[in-house]
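Next up, entry_0.pdb (PDB, C-alpha atoms, pLDDT in the B column):
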```
MODEL        1
ATOM      1  CA  MET A 172      37.011  33.462 -26.133  1.00 54.00           C
ATOM      2  CA  ALA A 173      36.566  30.858 -23.400  1.00 54.00           C
ATOM      3  CA  ILE A 174      33.028  30.168 -24.667  1.00 60.00           C
ATOM      4  CA  GLU A 175      34.309  29.600 -28.229  1.00 57.00           C
ATOM      5  CA  PHE A 176      36.911  27.168 -26.892  1.00 47.00           C
ATOM      6  CA  CYS A 177      34.237  25.227 -24.943  1.00 47.00           C
ATOM      7  CA  VAL A 178      31.903  25.110 -27.953  1.00 46.00           C
ATOM      8  CA  ARG A 179      34.741  23.932 -30.205  1.00 55.00           C
ATOM      9  CA  ASN A 180      35.649  21.163 -27.714  1.00 53.00           C
ATOM     10  CA  ILE A 181      32.019  20.069 -27.396  1.00 56.00           C
ATOM     11  CA  LEU A 182      31.662  19.878 -31.194  1.00 49.00           C
ATOM     12  CA  LEU A 183      34.922  17.929 -31.484  1.00 47.00           C
ATOM     13  CA  GLU A 184      33.837  15.456 -28.790  1.00 58.00           C
ATOM     14  CA  PHE A 185      30.451  15.082 -30.481  1.00 52.00           C
ATOM     15  CA  ALA A 186      32.146  14.340 -33.830  1.00 49.00           C
ATOM     16  CA  VAL A 187      34.375  11.706 -32.195  1.00 46.00           C
ATOM     17  CA  LEU A 188      31.363  10.079 -30.533  1.00 43.00           C
ATOM     18  CA  LEU A 189      29.507   9.980 -33.857  1.00 45.00           C
ATOM     19  CA  ALA A 190      32.498   8.366 -35.562  1.00 47.00           C
ATOM     20  CA  ILE A 191      32.727   5.720 -32.826  1.00 44.00           C
ATOM     21  CA  PHE A 192      28.975   5.117 -32.765  1.00 47.00           C
ATOM     22  CA  PHE A 193      28.607   4.699 -36.530  1.00 48.00           C
ATOM     23  CA  ASP A 194      32.036   3.117 -37.164  1.00 47.00           C
ATOM     24  CA  TRP A 195      32.355   4.839 -40.538  1.00 47.00           C
ATOM     25  CA  GLY A 196      34.479   2.072 -42.079  1.00 48.00           C
ATOM     26  CA  SER A 197      31.979  -0.724 -41.627  1.00 47.00           C
ATOM     27  CA  CYS A 198      28.440   0.640 -41.592  1.00 48.00           C
ATOM     28  CA  GLU A 199      27.030  -2.238 -43.607  1.00 62.00           C
ATOM     29  CA  LEU A 200      26.691  -5.749 -42.277  1.00 74.00           C
ATOM     30  CA  VAL A 201      27.032  -8.261 -45.078  1.00 87.00           C
ATOM     31  CA  GLU A 202      24.464 -11.042 -44.837  1.00 91.00           C
ATOM     32  CA  LYS A 203      24.973 -14.376 -46.557  1.00 94.00           C
ATOM     33  CA  PHE A 204      22.470 -17.236 -46.824  1.00 93.00           C
ATOM     34  CA  GLY A 205      23.217 -20.924 -47.212  1.00 93.00           C
ATOM     35  CA  ILE A 206      21.078 -24.039 -47.318  1.00 93.00           C
ATOM     36  CA  LEU A 207      21.488 -26.835 -44.783  1.00 94.00           C
ATOM     37  CA  ASN A 208      23.618 -29.725 -46.136  1.00 94.00           C
ATOM     38  CA  HIS A 209      24.774 -27.634 -49.129  1.00 95.00           C
ATOM     39  CA  SER A 210      27.846 -25.440 -49.676  1.00 95.00           C
ATOM     40  CA  VAL A 211      28.301 -21.701 -49.279  1.00 96.00           C
ATOM     41  CA  THR A 212      31.246 -19.422 -50.070  1.00 96.00           C
ATOM     42  CA  LEU A 213      32.071 -16.413 -47.929  1.00 96.00           C
ATOM     43  CA  SER A 214      34.146 -13.868 -49.843  1.00 93.00           C
ATOM     44  CA  PRO A 215      35.865 -10.652 -48.808  1.00 91.00           C
ATOM     45  CA  VAL A 216      34.356  -7.530 -50.361  1.00 86.00           C
ATOM     46  CA  LYS A 217      37.748  -6.356 -51.615  1.00 82.00           C
ATOM     47  CA  ASN A 218      39.226  -8.674 -54.225  1.00 78.00           C
ATOM     48  CA  GLY A 219      42.886  -9.461 -54.560  1.00 75.00           C
ATOM     49  CA  GLU A 220      45.704 -11.768 -53.687  1.00 79.00           C
ATOM     50  CA  PHE A 221      46.675 -11.807 -50.032  1.00 90.00           C
ATOM     51  CA  LYS A 222      49.852 -12.741 -48.157  1.00 92.00           C
ATOM     52  CA  ASP A 223      47.932 -13.954 -45.097  1.00 95.00           C
ATOM     53  CA  ILE A 224      44.289 -14.760 -44.405  1.00 95.00           C
ATOM     54  CA  THR A 225      42.373 -15.574 -41.242  1.00 96.00           C
ATOM     55  CA  TRP A 226      38.675 -16.428 -41.053  1.00 97.00           C
ATOM     56  CA  LYS A 227      36.967 -16.449 -37.664  1.00 97.00           C
ATOM     57  CA  LYS A 228      33.525 -17.519 -36.513  1.00 97.00           C
ATOM     58  CA  GLY A 229      32.786 -15.352 -33.536  1.00 94.00           C
ATOM     59  CA  LYS A 230      36.138 -15.158 -31.752  1.00 94.00           C
ATOM     60  CA  ASP A 231      37.339 -18.605 -32.829  1.00 96.00           C
ATOM     61  CA  LYS A 232      39.638 -19.177 -35.813  1.00 96.00           C
ATOM     62  CA  VAL A 233      38.159 -21.489 -38.426  1.00 97.00           C
ATOM     63  CA  ALA A 234      40.844 -21.180 -41.127  1.00 97.00           C
ATOM     64  CA  GLU A 235      44.267 -19.580 -41.405  1.00 97.00           C
ATOM     65  CA  TRP A 236      46.796 -19.273 -44.200  1.00 95.00           C
ATOM     66  CA  GLN A 237      50.136 -17.523 -44.689  1.00 95.00           C
ATOM     67  CA  GLU A 238      52.062 -17.274 -47.927  1.00 92.00           C
ATOM     68  CA  GLY A 239      54.341 -20.260 -48.397  1.00 92.00           C
ATOM     69  CA  GLU A 240      52.391 -22.454 -45.979  1.00 95.00           C
ATOM     70  CA  ASP A 241      49.421 -24.797 -46.148  1.00 95.00           C
ATOM     71  CA  VAL A 242      45.986 -23.751 -44.955  1.00 96.00           C
ATOM     72  CA  THR A 243      45.177 -24.718 -41.375  1.00 96.00           C
ATOM     73  CA  TYR A 244      41.546 -25.461 -40.525  1.00 97.00           C
ATOM     74  CA  PHE A 245      40.146 -25.558 -37.016  1.00 97.00           C
ATOM     75  CA  GLY A 246      37.295 -27.357 -35.252  1.00 95.00           C
ATOM     76  CA  SER A 247      34.472 -28.797 -37.320  1.00 94.00           C
ATOM     77  CA  PHE A 248      35.828 -27.057 -40.446  1.00 96.00           C
ATOM     78  CA  THR A 249      38.865 -29.345 -40.650  1.00 94.00           C
ATOM     79  CA  GLU A 250      37.340 -31.778 -43.140  1.00 92.00           C
ATOM     80  CA  ARG A 251      34.695 -29.603 -44.779  1.00 96.00           C
ATOM     81  CA  ALA A 252      36.125 -26.223 -45.737  1.00 97.00           C
ATOM     82  CA  ILE A 253      38.247 -24.768 -48.528  1.00 97.00           C
ATOM     83  CA  LEU A 254      40.187 -21.496 -48.338  1.00 96.00           C
ATOM     84  CA  ASP A 255      41.807 -20.048 -51.469  1.00 93.00           C
ATOM     85  CA  GLN A 256      44.426 -17.278 -51.807  1.00 90.00           C
ATOM     86  CA  SER A 257      41.757 -14.790 -52.900  1.00 91.00           C
ATOM     87  CA  GLY A 258      40.180 -15.076 -49.454  1.00 93.00           C
ATOM     88  CA  ASN A 259      37.171 -17.156 -50.538  1.00 94.00           C
ATOM     89  CA  PHE A 260      36.148 -19.482 -47.709  1.00 97.00           C
ATOM     90  CA  THR A 261      33.851 -22.312 -48.797  1.00 97.00           C
ATOM     91  CA  ILE A 262      32.010 -24.344 -46.189  1.00 97.00           C
ATOM     92  CA  LEU A 263      30.845 -27.755 -47.405  1.00 97.00           C
ATOM     93  CA  ASN A 264      27.867 -29.659 -45.992  1.00 96.00           C
ATOM     94  CA  LEU A 265      26.451 -26.750 -43.949  1.00 96.00           C
ATOM     95  CA  THR A 266      25.122 -27.515 -40.482  1.00 95.00           C
ATOM     96  CA  ALA A 267      22.827 -25.421 -38.301  1.00 95.00           C
ATOM     97  CA  SER A 268      25.775 -24.687 -35.999  1.00 96.00           C
ATOM     98  CA  ASP A 269      27.595 -22.971 -38.899  1.00 97.00           C
ATOM     99  CA  GLU A 270      25.174 -20.068 -38.612  1.00 96.00           C
ATOM    100  CA  GLY A 271      26.735 -16.993 -37.047  1.00 96.00           C
ATOM    101  CA  GLN A 272      29.062 -14.061 -37.477  1.00 96.00           C
ATOM    102  CA  TYR A 273      32.232 -14.550 -39.540  1.00 97.00           C
ATOM    103  CA  GLU A 274      35.184 -12.217 -39.845  1.00 96.00           C
ATOM    104  CA  PHE A 275      37.792 -11.990 -42.599  1.00 95.00           C
ATOM    105  CA  GLU A 276      41.200 -10.657 -41.587  1.00 94.00           C
ATOM    106  CA  SER A 277      44.356  -9.929 -43.565  1.00 93.00           C
ATOM    107  CA  ARG A 278      47.423  -7.991 -42.488  1.00 88.00           C
ATOM    108  CA  PHE A 279      47.140  -5.055 -44.921  1.00 79.00           C
ATOM    109  CA  GLN A 280      43.369  -4.805 -45.128  1.00 84.00           C
ATOM    110  CA  LYS A 281      40.652  -3.760 -42.721  1.00 85.00           C
ATOM    111  CA  SER A 282      38.758  -6.741 -41.336  1.00 89.00           C
ATOM    112  CA  GLU A 283      35.338  -7.523 -42.791  1.00 92.00           C
ATOM    113  CA  THR A 284      32.404  -8.973 -40.882  1.00 94.00           C
ATOM    114  CA  MET A 285      29.460 -10.901 -42.270  1.00 94.00           C
ATOM    115  CA  PHE A 286      26.608 -12.960 -40.876  1.00 96.00           C
ATOM    116  CA  LEU A 287      25.803 -16.402 -42.285  1.00 96.00           C
ATOM    117  CA  TYR A 288      22.227 -17.645 -42.024  1.00 95.00           C
ATOM    118  CA  VAL A 289      21.713 -21.374 -42.555  1.00 94.00           C
ATOM    119  CA  LEU A 290      18.253 -22.144 -43.931  1.00 93.00           C
ATOM    120  CA  ASP A 291      16.591 -25.534 -43.677  1.00 87.00           C
ATOM    121  CA  TYR A 292      15.021 -25.633 -47.140  1.00 72.00           C
ATOM    122  CA  GLN A 293      13.239 -28.942 -46.540  1.00 69.00           C
ATOM    123  CA  ALA A 294      11.760 -27.816 -43.221  1.00 56.00           C
ATOM    124  CA  ARG A 295      10.386 -24.688 -44.852  1.00 53.00           C
ATOM    125  CA  HIS A 296       8.476 -26.790 -47.375  1.00 55.00           C
ATOM    126  CA  ARG A 297       7.301 -29.141 -44.639  1.00 55.00           C
ATOM    127  CA  TYR A 298       5.840 -26.255 -42.644  1.00 55.00           C
ATOM    128  CA  PHE A 299       4.245 -24.789 -45.759  1.00 56.00           C
ATOM    129  CA  LEU A 300       2.333 -28.024 -46.344  1.00 57.00           C
ATOM    130  CA  ILE A 301       0.668 -27.908 -42.912  1.00 60.00           C
ATOM    131  CA  PRO A 302      -1.219 -24.615 -43.530  1.00 67.00           C
ATOM    132  CA  ALA A 303      -2.055 -25.746 -47.080  1.00 66.00           C
ATOM    133  CA  PHE A 304      -3.496 -28.993 -45.719  1.00 64.00           C
ATOM    134  CA  VAL A 305      -5.531 -27.112 -43.086  1.00 68.00           C
ATOM    135  CA  ILE A 306      -6.906 -24.726 -45.730  1.00 72.00           C
ATOM    136  CA  PHE A 307      -7.820 -27.720 -47.905  1.00 68.00           C
ATOM    137  CA  ILE A 308      -9.709 -29.401 -45.022  1.00 71.00           C
ATOM    138  CA  ILE A 309     -11.578 -26.165 -44.212  1.00 75.00           C
ATOM    139  CA  ALA A 310     -12.487 -25.687 -47.885  1.00 68.00           C
ATOM    140  CA  VAL A 311     -13.796 -29.274 -48.105  1.00 69.00           C
ATOM    141  CA  PHE A 312     -15.788 -28.724 -44.908  1.00 68.00           C
ATOM    142  CA  ILE A 313     -17.340 -25.459 -46.215  1.00 74.00           C
ATOM    143  CA  ILE A 314     -18.198 -26.999 -49.577  1.00 74.00           C
ATOM    144  CA  SER A 315     -19.750 -30.070 -47.943  1.00 73.00           C
ATOM    145  CA  ARG A 316     -21.906 -27.826 -45.669  1.00 73.00           C
ATOM    146  CA  LYS A 317     -23.141 -25.805 -48.649  1.00 69.00           C
ATOM    147  CA  SER A 318     -23.947 -28.986 -50.573  1.00 65.00           C
ATOM    148  CA  GLY A 319     -25.837 -30.580 -47.698  1.00 60.00           C
TER     149      GLY A 319
ENDMDL
END
```
For the file at hand, write its structure as structure tokens.
Amino acid sequence: MAIEFCVRNILLEFAVLLAIFFDWGSCELVEKFGILNHSVTLSPVKNGEFKDITWKKGKDKVAEWQEGEDVTYFGSFTERAILDQSGNFTILNLTASDEGQYEFESRFQKSETMFLYVLDYQARHRYFLIPAFVIFIIAVFIISRKSG
């Protein structure tokens, strides 16, 4: 009987550890991609109208709204963000420093976390041209050696 009690406790502790380790409610990390100097909208997974909304980047608030009040924006988002009552948070004129983890919070809903990646579209094309140019030079060199 004592052995059964110990086994039952061990299994219960193991189940609790698994639940903590996997955090059953938020197993998936939402990833969002935006392009430097363009706009991106972060949206909560669950749709609806909310009575209060808070968006955070890391631990810092970036936007906050409560029913009956105006939206308050913080830091660099003051002049370049839009938050609607559906929870959609649009960041205008993305900068590299906008990249990071964002969290949506509302009083009667579990918080949601997502990661925003800011891509430099122009830089990607610039770096693509370098290998293409090198390949072109090598090809010209090989062709000129075969011809000569």
Interatomic distance, CA of Ile262 in chain A to CA of Phe279 in chain A (Å, one decimal):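 These atoms are spaced 24.5 Å apart.
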Of the candidates A:Phe286, A:Phe260, A:Phe275, A:Tyr244, which one gets nearest to Lys227 in chain A if we count all atoms listed in the file?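 When distances to Lys227 in chain A are compared using all atoms listed in the file, the smallest one comes from A:Phe275.
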Can you list, as a PyMOL selection string, the residues that the PyMOL selection byres ((chain A and resi 249) around 12) selects here? chain A and resi 232-235+242-248+250-254+261-263
Let me have the centre and edge lengths of the axis-aligned box enclosing all listed atoms of range 273-285 of chain A with 8 Å padding on every side, in Å to one decimal, as lines of an AutoDock Vina configuration file.
```
center_x = 38.4
center_y = -9.2
center_z = -42.3
size_x = 34.0
size_y = 26.8
size_z = 21.6
```
Just to confirm, what's the straight-line distance from CA of Thr284 in chain A to CA of Thr225 in chain A in Å (one decimal)?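 Value for the CA of Thr284 in chain A-CA of Thr225 in chain A distance: 12.0 Å.
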Because some atoms of range 246-271 of chain A are absent here, can you restore N, CA and C atoms and send them as a PDB file, keeping the file's coordinate frame?
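New file selection_38.pdb:
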```pdb
ATOM      1  N   GLY A 246      38.600 -26.869 -35.686  1.00 95.00           N
ATOM      2  CA  GLY A 246      37.295 -27.357 -35.252  1.00 95.00           C
ATOM      3  C   GLY A 246      36.582 -28.188 -36.298  1.00 95.00           C
ATOM      4  N   SER A 247      35.291 -27.989 -36.408  1.00 94.00           N
ATOM      5  CA  SER A 247      34.472 -28.797 -37.320  1.00 94.00           C
ATOM      6  C   SER A 247      34.737 -28.474 -38.787  1.00 94.00           C
ATOM      7  N   PHE A 248      35.549 -27.442 -39.066  1.00 96.00           N
ATOM      8  CA  PHE A 248      35.828 -27.057 -40.446  1.00 96.00           C
ATOM      9  C   PHE A 248      37.012 -27.823 -41.036  1.00 96.00           C
ATOM     10  N   THR A 249      37.661 -28.640 -40.220  1.00 94.00           N
ATOM     11  CA  THR A 249      38.865 -29.345 -40.650  1.00 94.00           C
ATOM     12  C   THR A 249      38.658 -30.172 -41.906  1.00 94.00           C
ATOM     13  N   GLU A 250      37.580 -30.887 -41.999  1.00 92.00           N
ATOM     14  CA  GLU A 250      37.340 -31.778 -43.140  1.00 92.00           C
ATOM     15  C   GLU A 250      36.297 -31.255 -44.127  1.00 92.00           C
ATOM     16  N   ARG A 251      35.778 -30.046 -43.907  1.00 96.00           N
ATOM     17  CA  ARG A 251      34.695 -29.603 -44.779  1.00 96.00           C
ATOM     18  C   ARG A 251      34.752 -28.128 -45.144  1.00 96.00           C
ATOM     19  N   ALA A 252      35.977 -27.615 -45.321  1.00 97.00           N
ATOM     20  CA  ALA A 252      36.125 -26.223 -45.737  1.00 97.00           C
ATOM     21  C   ALA A 252      37.280 -26.102 -46.725  1.00 97.00           C
ATOM     22  N   ILE A 253      37.197 -25.054 -47.549  1.00 97.00           N
ATOM     23  CA  ILE A 253      38.247 -24.768 -48.528  1.00 97.00           C
ATOM     24  C   ILE A 253      38.513 -23.265 -48.484  1.00 97.00           C
ATOM     25  N   LEU A 254      39.781 -22.895 -48.325  1.00 96.00           N
ATOM     26  CA  LEU A 254      40.187 -21.496 -48.338  1.00 96.00           C
ATOM     27  C   LEU A 254      41.167 -21.294 -49.482  1.00 96.00           C
ATOM     28  N   ASP A 255      40.867 -20.332 -50.381  1.00 93.00           N
ATOM     29  CA  ASP A 255      41.807 -20.048 -51.469  1.00 93.00           C
ATOM     30  C   ASP A 255      42.558 -18.740 -51.199  1.00 93.00           C
ATOM     31  N   GLN A 256      43.564 -18.437 -52.030  1.00 90.00           N
ATOM     32  CA  GLN A 256      44.426 -17.278 -51.807  1.00 90.00           C
ATOM     33  C   GLN A 256      43.731 -15.954 -52.100  1.00 90.00           C
ATOM     34  N   SER A 257      42.543 -16.003 -52.679  1.00 91.00           N
ATOM     35  CA  SER A 257      41.757 -14.790 -52.900  1.00 91.00           C
ATOM     36  C   SER A 257      40.892 -14.458 -51.691  1.00 91.00           C
ATOM     37  N   GLY A 258      40.940 -15.317 -50.674  1.00 93.00           N
ATOM     38  CA  GLY A 258      40.180 -15.076 -49.454  1.00 93.00           C
ATOM     39  C   GLY A 258      38.835 -15.769 -49.414  1.00 93.00           C
ATOM     40  N   ASN A 259      38.455 -16.453 -50.496  1.00 94.00           N
ATOM     41  CA  ASN A 259      37.171 -17.156 -50.538  1.00 94.00           C
ATOM     42  C   ASN A 259      37.206 -18.360 -49.591  1.00 94.00           C
ATOM     43  N   PHE A 260      36.238 -18.409 -48.705  1.00 97.00           N
ATOM     44  CA  PHE A 260      36.148 -19.482 -47.709  1.00 97.00           C
ATOM     45  C   PHE A 260      34.856 -20.253 -47.973  1.00 97.00           C
ATOM     46  N   THR A 261      35.005 -21.481 -48.465  1.00 97.00           N
ATOM     47  CA  THR A 261      33.851 -22.312 -48.797  1.00 97.00           C
ATOM     48  C   THR A 261      33.627 -23.339 -47.703  1.00 97.00           C
ATOM     49  N   ILE A 262      32.392 -23.367 -47.202  1.00 97.00           N
ATOM     50  CA  ILE A 262      32.010 -24.344 -46.189  1.00 97.00           C
ATOM     51  C   ILE A 262      31.155 -25.393 -46.881  1.00 97.00           C
ATOM     52  N   LEU A 263      31.565 -26.645 -46.789  1.00 97.00           N
ATOM     53  CA  LEU A 263      30.845 -27.755 -47.405  1.00 97.00           C
ATOM     54  C   LEU A 263      29.902 -28.374 -46.385  1.00 97.00           C
ATOM     55  N   ASN A 264      28.808 -28.940 -46.851  1.00 96.00           N
ATOM     56  CA  ASN A 264      27.867 -29.659 -45.992  1.00 96.00           C
ATOM     57  C   ASN A 264      27.471 -28.824 -44.771  1.00 96.00           C
ATOM     58  N   LEU A 265      26.839 -27.675 -45.020  1.00 96.00           N
ATOM     59  CA  LEU A 265      26.451 -26.750 -43.949  1.00 96.00           C
ATOM     60  C   LEU A 265      25.627 -27.423 -42.868  1.00 96.00           C
ATOM     61  N   THR A 266      25.908 -27.059 -41.624  1.00 95.00           N
ATOM     62  CA  THR A 266      25.122 -27.515 -40.482  1.00 95.00           C
ATOM     63  C   THR A 266      24.477 -26.293 -39.824  1.00 95.00           C
ATOM     64  N   ALA A 267      23.494 -26.527 -39.001  1.00 95.00           N
ATOM     65  CA  ALA A 267      22.827 -25.421 -38.301  1.00 95.00           C
ATOM     66  C   ALA A 267      23.816 -24.658 -37.418  1.00 95.00           C
ATOM     67  N   SER A 268      24.803 -25.353 -36.883  1.00 96.00           N
ATOM     68  CA  SER A 268      25.775 -24.687 -35.999  1.00 96.00           C
ATOM     69  C   SER A 268      26.749 -23.792 -36.767  1.00 96.00           C
ATOM     70  N   ASP A 269      26.745 -23.855 -38.097  1.00 97.00           N
ATOM     71  CA  ASP A 269      27.595 -22.971 -38.899  1.00 97.00           C
ATOM     72  C   ASP A 269      27.043 -21.552 -38.953  1.00 97.00           C
ATOM     73  N   GLU A 270      25.775 -21.396 -38.585  1.00 96.00           N
ATOM     74  CA  GLU A 270      25.174 -20.068 -38.612  1.00 96.00           C
ATOM     75  C   GLU A 270      25.854 -19.169 -37.591  1.00 96.00           C
ATOM     76  N   GLY A 271      26.124 -17.930 -37.979  1.00 96.00           N
ATOM     77  CA  GLY A 271      26.735 -16.993 -37.047  1.00 96.00           C
ATOM     78  C   GLY A 271      27.542 -15.935 -37.761  1.00 96.00           C
TER      79      GLY A 271
END
```
